[in-house]
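Asker: Below you'll find the structure I mean.
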Amino acid sequence: MRHLALLGALLTAVAGQSSAQTATPPARFEGQIIYQVMPDRFFDGNASNNQGVNRADLRAWHGGDLAGLTAKLPYIQKLGATAVWLTPVYLQQTANSFGTAPYHGYWPADFRNVDPHFGTLADFGAFTKAAQNADLRVVLDQVINHYGYEAAAVRARPAWFNGEAQCSASANKDVDCALAGLPDLRQSNPQVRELLLDNADFWREQGVQAFRYDAIKHVEGPFLRDLLTRDRQAGTWTLGEWYDADTGTVADWQKEGFDSLFLFSLQAAMKGSIMAGQSLDGVRSVLARQGELVRPGEVALFLDNHDVPRFAQGSLFEDVGQERTKYGLRALMTLRGVPVLWQGTEIAMRGGADPDNRRDMRFEDAWTPAERAVFEVTRAAIAARKASPALSAGALKLLPSPDALGSDLLLFTRELNGQTVLAAWHNGKARKSYSLKLGSLGVGWANRAATSSLFVGQDAKASVSGGYLHLTLPGQDAAAFRVE
C-alpha cells in the first residue's frame, strides 16, 4: 500500500540478503489473472452495515461490503479473471485520521476479525465458498508492518512498537521508523512474531489461498523470511508490495522466498510508452532484464492500482484515455507474468492521485457505450490469453527491431511446447505495414498465409513469405499472432 497522498511519498528500492529455503514445491500462479477489489468501493450488498457512509466524500466510507462482492462474482467471472485480490477487511480503528476513514483497510485494530462495515466472519466465509464454487482463487491483503493510528494495542502494548528511540538509533530507518506515522510493529518481539504468523494461519483457515503482503520494504527481513517459509510449507502463494520495485528488487525478493512482487518499473514504462506516446525503448529495456528473475512467470504485472493514478488519467481527453487503455490491456495480456487488473481499469475509469483513484466501481447498467467497448476489448484479450498456452505461460524472447523502427515497434515471441505466438506492439499513430527480414529477427519461420490477430475485433494481420515477416498493424495498439 502507498498511503494517502497527504501523508507523503516514501520508498526507494534496496535488496534482501540470504536465500530462504523451501520445504514444499512452490505455489503457482502463472496462467492466472487477478482482479483487484477494494470492497468499500466495489458494491453495496447489505445496506444495514452502512454506518457513517457518505458517498459524496472520497475520504469517507462508501458502503461496499463482502455481501456485495459475493453478489458480483459472476461479473468477475464474465470478465475472465481467475483470482480475486481483496484489500484488507480487518476490523479497523473506529476514528478517522487526517480527515479520512479507514475504508481502505490499512489501519487495522484487530487482525482476526472483519470490520462491521464489510460484514462478519460468516460473510467472509460465504464469500470464499462462493469464490471456490466459481473457480476463483482468493488473495487477501495482509498488513504486517503496523497497526492503525488509533488502535487500542498501541497504548496497551507499547513494547510491540518501535518508538522514537528505536528509530533514532537505527541504521535502517525504513524498517525501524514509522511509515507515514503509523505505529510501527517490531516483528522481532516474540509476541508480535507469533501474532503475525498466527494471523496467516487464521486466514488460511477462512479459505484464503494467497497473500498480498503490504509495504514489505518496512518489515524486518528475518521475520519476512520465516513468514515466507511458513507460507511456502502451507502451499500459499505470496505477492509482495515494494513500491517502485524494479527487476533487480523483484529478483532479490524472489530469491528470498516471495513468489511474486509487483514490477513497478514495467508499469511506469508502459504508462510512458502507451499512454504518453513515448518511445517503446523503455519497455524494451525492462523486458531485456527478465533473465535476472528467478520466476519470471510469477511476476505481478499491472497498468494501475489503488496507490497510483488511474492509467486512463494519463490523457487529458477521455476518449484518448479509453483508446490507449485498450492498447495497454491488450499489451498487458501478451506479457509473461501474472496480470493484475484494478477494479474499473476494464472500463478505463479515470481518477488522479489517492483518493481520486478510488472512486466507486460502476457496472453495466451505468456504462457509456465507450466504456462497454473497453470492457469487451478487455474480456476478449483475457480470453485470447487463456486460450493460448504460449501467451499464458510461454517463455518470452525479445526480437530485434531495426533501429529506425525501434521507438514505434516492439516485437517478442512467447513459446511453449512447440507453440509460438508473436506479440507486436505498435506505437505509430496511424495504421502501417512493415516487412522485416526473418534473418534480422533471428527466426526461421516457414511461409505462412496472412493470419489475423488472436485478439477478436482487431484488424491486424501477419504473414511470412520470401524470407520476410509482413505485418499490418493499427496505430497505437498491440496484437498477437500464432506463427507456428
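Identifiers for the C-alpha cells are assigned positionally: chains receive A, B, ... in sequence, residues are indexed from 1 per chain, and ligands are indexed from 1 in the order shown.
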Residues within 9 Å of segment 277-279 of chain A, please, as an mmCIF file with N, CA, C and O atoms, in the first residue's frame. Count only C-alpha atoms; anything in the same chain fewer than 2 positions from it doesn't count.
Answerer:
data_model
loop_
_atom_site.group_PDB
_atom_site.id
_atom_site.type_symbol
_atom_site.label_atom_id
_atom_site.label_comp_id
_atom_site.auth_asym_id
_atom_site.auth_seq_id
_atom_site.Cartn_x
_atom_site.Cartn_y
_atom_site.Cartn_z
ATOM 1 N N ALA A 269 7.041 2.211 -17.375
ATOM 2 C CA ALA A 269 7.458 2.231 -18.779
ATOM 3 C C ALA A 269 6.252 2.110 -19.705
ATOM 4 O O ALA A 269 6.177 2.789 -20.740
ATOM 5 N N LYS A 271 3.152 2.984 -19.025
ATOM 6 C CA LYS A 271 2.394 4.232 -18.957
ATOM 7 C C LYS A 271 3.047 5.296 -19.833
ATOM 8 O O LYS A 271 2.362 6.022 -20.571
ATOM 9 N N GLY A 272 4.385 5.390 -19.782
ATOM 10 C CA GLY A 272 5.078 6.371 -20.602
ATOM 11 C C GLY A 272 4.952 6.082 -22.083
ATOM 12 O O GLY A 272 4.705 6.987 -22.886
ATOM 13 N N SER A 273 5.101 4.819 -22.467
ATOM 14 C CA SER A 273 5.083 4.463 -23.885
ATOM 15 C C SER A 273 3.681 4.473 -24.464
ATOM 16 O O SER A 273 3.441 5.019 -25.541
ATOM 17 N N ILE A 274 2.751 3.851 -23.763
ATOM 18 C CA ILE A 274 1.412 3.647 -24.315
ATOM 19 C C ILE A 274 0.521 4.862 -24.095
ATOM 20 O O ILE A 274 -0.151 5.333 -25.012
ATOM 21 N N MET A 275 0.504 5.365 -22.889
ATOM 22 C CA MET A 275 -0.406 6.468 -22.592
ATOM 23 C C MET A 275 0.186 7.823 -22.966
ATOM 24 O O MET A 275 -0.521 8.693 -23.466
ATOM 25 N N ASP A 281 11.256 2.087 -26.191
ATOM 26 C CA ASP A 281 12.560 1.653 -25.692
ATOM 27 C C ASP A 281 12.537 1.412 -24.185
ATOM 28 O O ASP A 281 13.250 0.547 -23.678
ATOM 29 N N GLY A 282 11.727 2.182 -23.454
ATOM 30 C CA GLY A 282 11.653 1.983 -22.012
ATOM 31 C C GLY A 282 11.104 0.615 -21.654
ATOM 32 O O GLY A 282 11.610 -0.066 -20.753
ATOM 33 N N VAL A 283 10.062 0.184 -22.350
ATOM 34 C CA VAL A 283 9.510 -1.160 -22.134
ATOM 35 C C VAL A 283 10.534 -2.211 -22.516
ATOM 36 O O VAL A 283 10.755 -3.188 -21.800
ATOM 37 N N GLY A 406 12.623 1.098 -33.902
ATOM 38 C CA GLY A 406 12.633 0.646 -32.518
ATOM 39 C C GLY A 406 11.748 1.428 -31.579
ATOM 40 O O GLY A 406 11.192 0.874 -30.627
ATOM 41 N N SER A 407 11.596 2.726 -31.827
ATOM 42 C CA SER A 407 10.787 3.511 -30.900
ATOM 43 C C SER A 407 9.300 3.260 -31.076
ATOM 44 O O SER A 407 8.504 3.496 -30.163
ATOM 45 N N ASP A 408 8.909 2.753 -32.267
ATOM 46 C CA ASP A 408 7.490 2.557 -32.560
ATOM 47 C C ASP A 408 7.073 1.096 -32.658
ATOM 48 O O ASP A 408 5.877 0.802 -32.763
ATOM 49 N N LEU A 409 8.029 0.180 -32.652
ATOM 50 C CA LEU A 409 7.692 -1.225 -32.864
ATOM 51 C C LEU A 409 8.448 -2.101 -31.872
ATOM 52 O O LEU A 409 9.667 -2.048 -31.784
ATOM 53 N N ASN A 427 3.489 1.653 -31.746
ATOM 54 C CA ASN A 427 3.276 2.974 -31.171
ATOM 55 C C ASN A 427 3.022 4.047 -32.223
ATOM 56 O O ASN A 427 2.774 5.199 -31.872
ATOM 57 N N GLY A 428 3.110 3.680 -33.497
ATOM 58 C CA GLY A 428 2.811 4.656 -34.534
ATOM 59 C C GLY A 428 1.365 5.112 -34.455
ATOM 60 O O GLY A 428 0.472 4.343 -34.098
ATOM 61 N N LYS A 429 1.117 6.354 -34.807
ATOM 62 C CA LYS A 429 -0.228 6.910 -34.658
ATOM 63 C C LYS A 429 -1.186 6.423 -35.732
ATOM 64 O O LYS A 429 -2.408 6.443 -35.535
ATOM 65 N N GLN A 476 -1.194 2.613 -32.571
ATOM 66 C CA GLN A 476 -1.258 2.584 -31.110
ATOM 67 C C GLN A 476 -2.103 1.430 -30.588
ATOM 68 O O GLN A 476 -3.171 1.608 -29.994
#
Asker: Could you give me, as a PyMOL selection string, each residue of segment 107-310 of chain A that DSSP assigns to helix (DSSP H, G or I) when run on this structure's backbone?
Answerer: chain A and resi 121-133+152-156+158-160+164-169+173-176+179-181+190-205+216-218+221-234+247-256+264-275+281-287+290-292+296-298
Asker: Expressed in Å to a single decimal, how great is the separation between atom CA of Thr334 of chain A and atom CA of Leu261 of chain A?
Answerer: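 Atom-to-atom, atom CA of Thr334 of chain A to atom CA of Leu261 of chain A, that is 18.7 Å.
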Asker: I'd like the interatomic distance between atom CA of Leu416 of chain A and atom CA of Ala393 of chain A, to a tenth of an Å.
Answerer: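 Distance between the two atoms: 7.1 Å.
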Asker: Which neighbours of Gly181 of chain A fall inside 10 Å, counting only C-alpha atoms, when residues of the same chain fewer than 4 positions from it are skipped, and could you give them as a list in words?
Answerer: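 Final neighbour list, sorted by chain and number: Leu7, His146, Gly148, Tyr149 and Cys177 of chain A.
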Asker: Would you write out those residues with all heavy atoms, as a compact mmCIF listing (two decimals), in the first residue's frame?
Answerer:
# COMPACT_ATOMS: atom_id res chain seq x y z
N LEU A 7 -0.26 12.01 3.35
CA LEU A 7 0.71 11.50 4.32
C LEU A 7 2.13 11.53 3.77
O LEU A 7 3.08 11.22 4.48
CB LEU A 7 0.34 10.08 4.73
CG LEU A 7 -1.05 9.93 5.35
CD1 LEU A 7 -1.30 8.47 5.71
CD2 LEU A 7 -1.17 10.80 6.57
N HIS A 146 2.27 -2.63 10.61
CA HIS A 146 1.77 -1.62 11.54
C HIS A 146 0.34 -1.92 11.99
O HIS A 146 -0.34 -2.76 11.41
CB HIS A 146 1.80 -0.25 10.86
CG HIS A 146 1.01 -0.21 9.58
ND1 HIS A 146 1.60 -0.38 8.35
CD2 HIS A 146 -0.32 -0.05 9.33
CE1 HIS A 146 0.67 -0.32 7.40
NE2 HIS A 146 -0.51 -0.14 7.97
N GLY A 148 -3.33 0.49 13.03
CA GLY A 148 -3.90 1.80 12.76
C GLY A 148 -3.47 2.81 13.80
O GLY A 148 -3.10 2.47 14.93
N TYR A 149 -3.53 4.07 13.45
CA TYR A 149 -3.11 5.15 14.35
C TYR A 149 -3.80 5.09 15.70
O TYR A 149 -3.18 5.33 16.75
CB TYR A 149 -3.42 6.52 13.71
CG TYR A 149 -2.67 6.80 12.44
CD1 TYR A 149 -3.29 6.60 11.20
CD2 TYR A 149 -1.37 7.29 12.46
CE1 TYR A 149 -2.61 6.88 10.02
CE2 TYR A 149 -0.69 7.57 11.28
CZ TYR A 149 -1.32 7.35 10.06
OH TYR A 149 -0.64 7.63 8.89
N CYS A 177 11.56 2.86 11.61
CA CYS A 177 10.85 4.12 11.80
C CYS A 177 9.45 4.01 11.21
O CYS A 177 9.19 3.18 10.33
CB CYS A 177 11.61 5.27 11.13
SG CYS A 177 13.25 5.57 11.84
Asker: I'd like the neighbourhood of segment 127-139 of chain A as a CSV table (one decimal) with C-alpha atoms, in the first residue's frame, where a residue qualifies if any of its atoms comes within 7 Å (using only C-alpha atoms), though same-chain residues fewer than 6 positions away should be ignored.
Answerer:
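Wrote around.csv, looks like this:
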chain,number,residue,atom,x,y,z
A,66,LEU,CA,-18.5,-8.6,1.4
A,70,THR,CA,-20.1,-12.1,-3.4
A,82,THR,CA,-9.3,-16.4,-12.3
A,83,ALA,CA,-8.5,-14.9,-8.9
A,84,VAL,CA,-9.8,-12.0,-6.6
A,85,TRP,CA,-7.5,-9.9,-4.5
A,86,LEU,CA,-9.2,-8.0,-1.7
A,207,GLY,CA,-10.4,-20.2,2.7
A,208,VAL,CA,-7.6,-17.9,1.5
A,209,GLN,CA,-5.1,-19.4,-1.0
A,210,ALA,CA,-2.7,-16.5,-1.4
A,211,PHE,CA,-1.5,-13.4,0.4
A,212,ARG,CA,-0.5,-9.9,-0.9
Asker: Could you tell me which of A:Pro296, A:Gly80, A:Gly99, A:Gly248 comes closest to Leu341 of chain A if we count only C-alpha atoms?
Answerer: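 Smallest distance to Leu341 of chain A is found for A:Gly80.
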Asker: Give me, as a list in words, all polymer residues having an atom no more than 9 Å from Asn50 of chain A, counting only C-alpha atoms and skipping those fewer than 6 positions away in the same chain.
Answerer: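 Near Asn50 of chain A, the qualifying residues are Asp44, Trp61, His62, Gly63, Gly64, Pro116, His117 and Phe118 of chain A.
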Asker: Could those selected residues go to a file with all heavy atoms, as a compact mmCIF listing (two decimals), in the first residue's frame?
Answerer:
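Wrote it out as selection.txt, contents follow:
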# COMPACT_ATOMS: atom_id res chain seq x y z
N ASP A 44 -22.33 -2.38 -2.84
CA ASP A 44 -23.04 -2.45 -1.56
C ASP A 44 -24.10 -3.53 -1.64
O ASP A 44 -25.12 -3.37 -2.32
CB ASP A 44 -23.69 -1.08 -1.27
CG ASP A 44 -24.34 -1.02 0.11
OD1 ASP A 44 -24.27 -2.02 0.85
OD2 ASP A 44 -24.91 0.04 0.44
N TRP A 61 -16.40 6.35 4.33
CA TRP A 61 -16.93 5.03 3.96
C TRP A 61 -17.97 5.21 2.86
O TRP A 61 -18.75 6.17 2.86
CB TRP A 61 -17.59 4.36 5.16
CG TRP A 61 -16.66 3.94 6.25
CD1 TRP A 61 -16.37 4.62 7.40
CD2 TRP A 61 -15.91 2.72 6.31
NE1 TRP A 61 -15.49 3.91 8.17
CE2 TRP A 61 -15.18 2.74 7.54
CE3 TRP A 61 -15.77 1.62 5.48
CZ2 TRP A 61 -14.33 1.70 7.92
CZ3 TRP A 61 -14.92 0.58 5.85
CH2 TRP A 61 -14.21 0.63 7.05
N HIS A 62 -18.00 4.23 1.91
CA HIS A 62 -18.95 4.30 0.81
C HIS A 62 -19.96 3.16 0.80
O HIS A 62 -20.85 3.14 -0.06
CB HIS A 62 -18.22 4.36 -0.53
CG HIS A 62 -17.71 5.72 -0.86
ND1 HIS A 62 -17.47 6.15 -2.14
CD2 HIS A 62 -17.39 6.78 -0.06
CE1 HIS A 62 -17.02 7.39 -2.13
NE2 HIS A 62 -16.95 7.79 -0.87
N GLY A 63 -19.81 2.16 1.67
CA GLY A 63 -20.85 1.15 1.83
C GLY A 63 -20.62 -0.17 1.13
O GLY A 63 -21.41 -1.11 1.31
N GLY A 64 -19.58 -0.29 0.31
CA GLY A 64 -19.30 -1.59 -0.30
C GLY A 64 -18.94 -2.62 0.75
O GLY A 64 -18.36 -2.28 1.78
N PRO A 116 -17.19 -4.36 10.74
CA PRO A 116 -18.64 -4.44 10.50
C PRO A 116 -19.11 -3.69 9.26
O PRO A 116 -20.17 -4.00 8.72
CB PRO A 116 -19.24 -3.84 11.78
CG PRO A 116 -18.13 -3.12 12.45
CD PRO A 116 -16.88 -3.82 12.07
N HIS A 117 -18.32 -2.73 8.77
CA HIS A 117 -18.69 -2.07 7.52
C HIS A 117 -18.64 -3.06 6.35
O HIS A 117 -19.36 -2.89 5.36
CB HIS A 117 -17.75 -0.90 7.22
CG HIS A 117 -17.94 0.28 8.10
ND1 HIS A 117 -17.29 0.41 9.31
CD2 HIS A 117 -18.72 1.39 7.96
CE1 HIS A 117 -17.64 1.57 9.87
NE2 HIS A 117 -18.51 2.18 9.07
N PHE A 118 -17.79 -4.07 6.46
CA PHE A 118 -17.67 -5.09 5.42
C PHE A 118 -18.59 -6.28 5.66
O PHE A 118 -18.89 -7.03 4.73
CB PHE A 118 -16.23 -5.59 5.30
CG PHE A 118 -15.23 -4.51 5.00
CD1 PHE A 118 -14.06 -4.40 5.74
CD2 PHE A 118 -15.44 -3.60 3.97
CE1 PHE A 118 -13.13 -3.41 5.47
CE2 PHE A 118 -14.51 -2.61 3.69
CZ PHE A 118 -13.35 -2.51 4.45
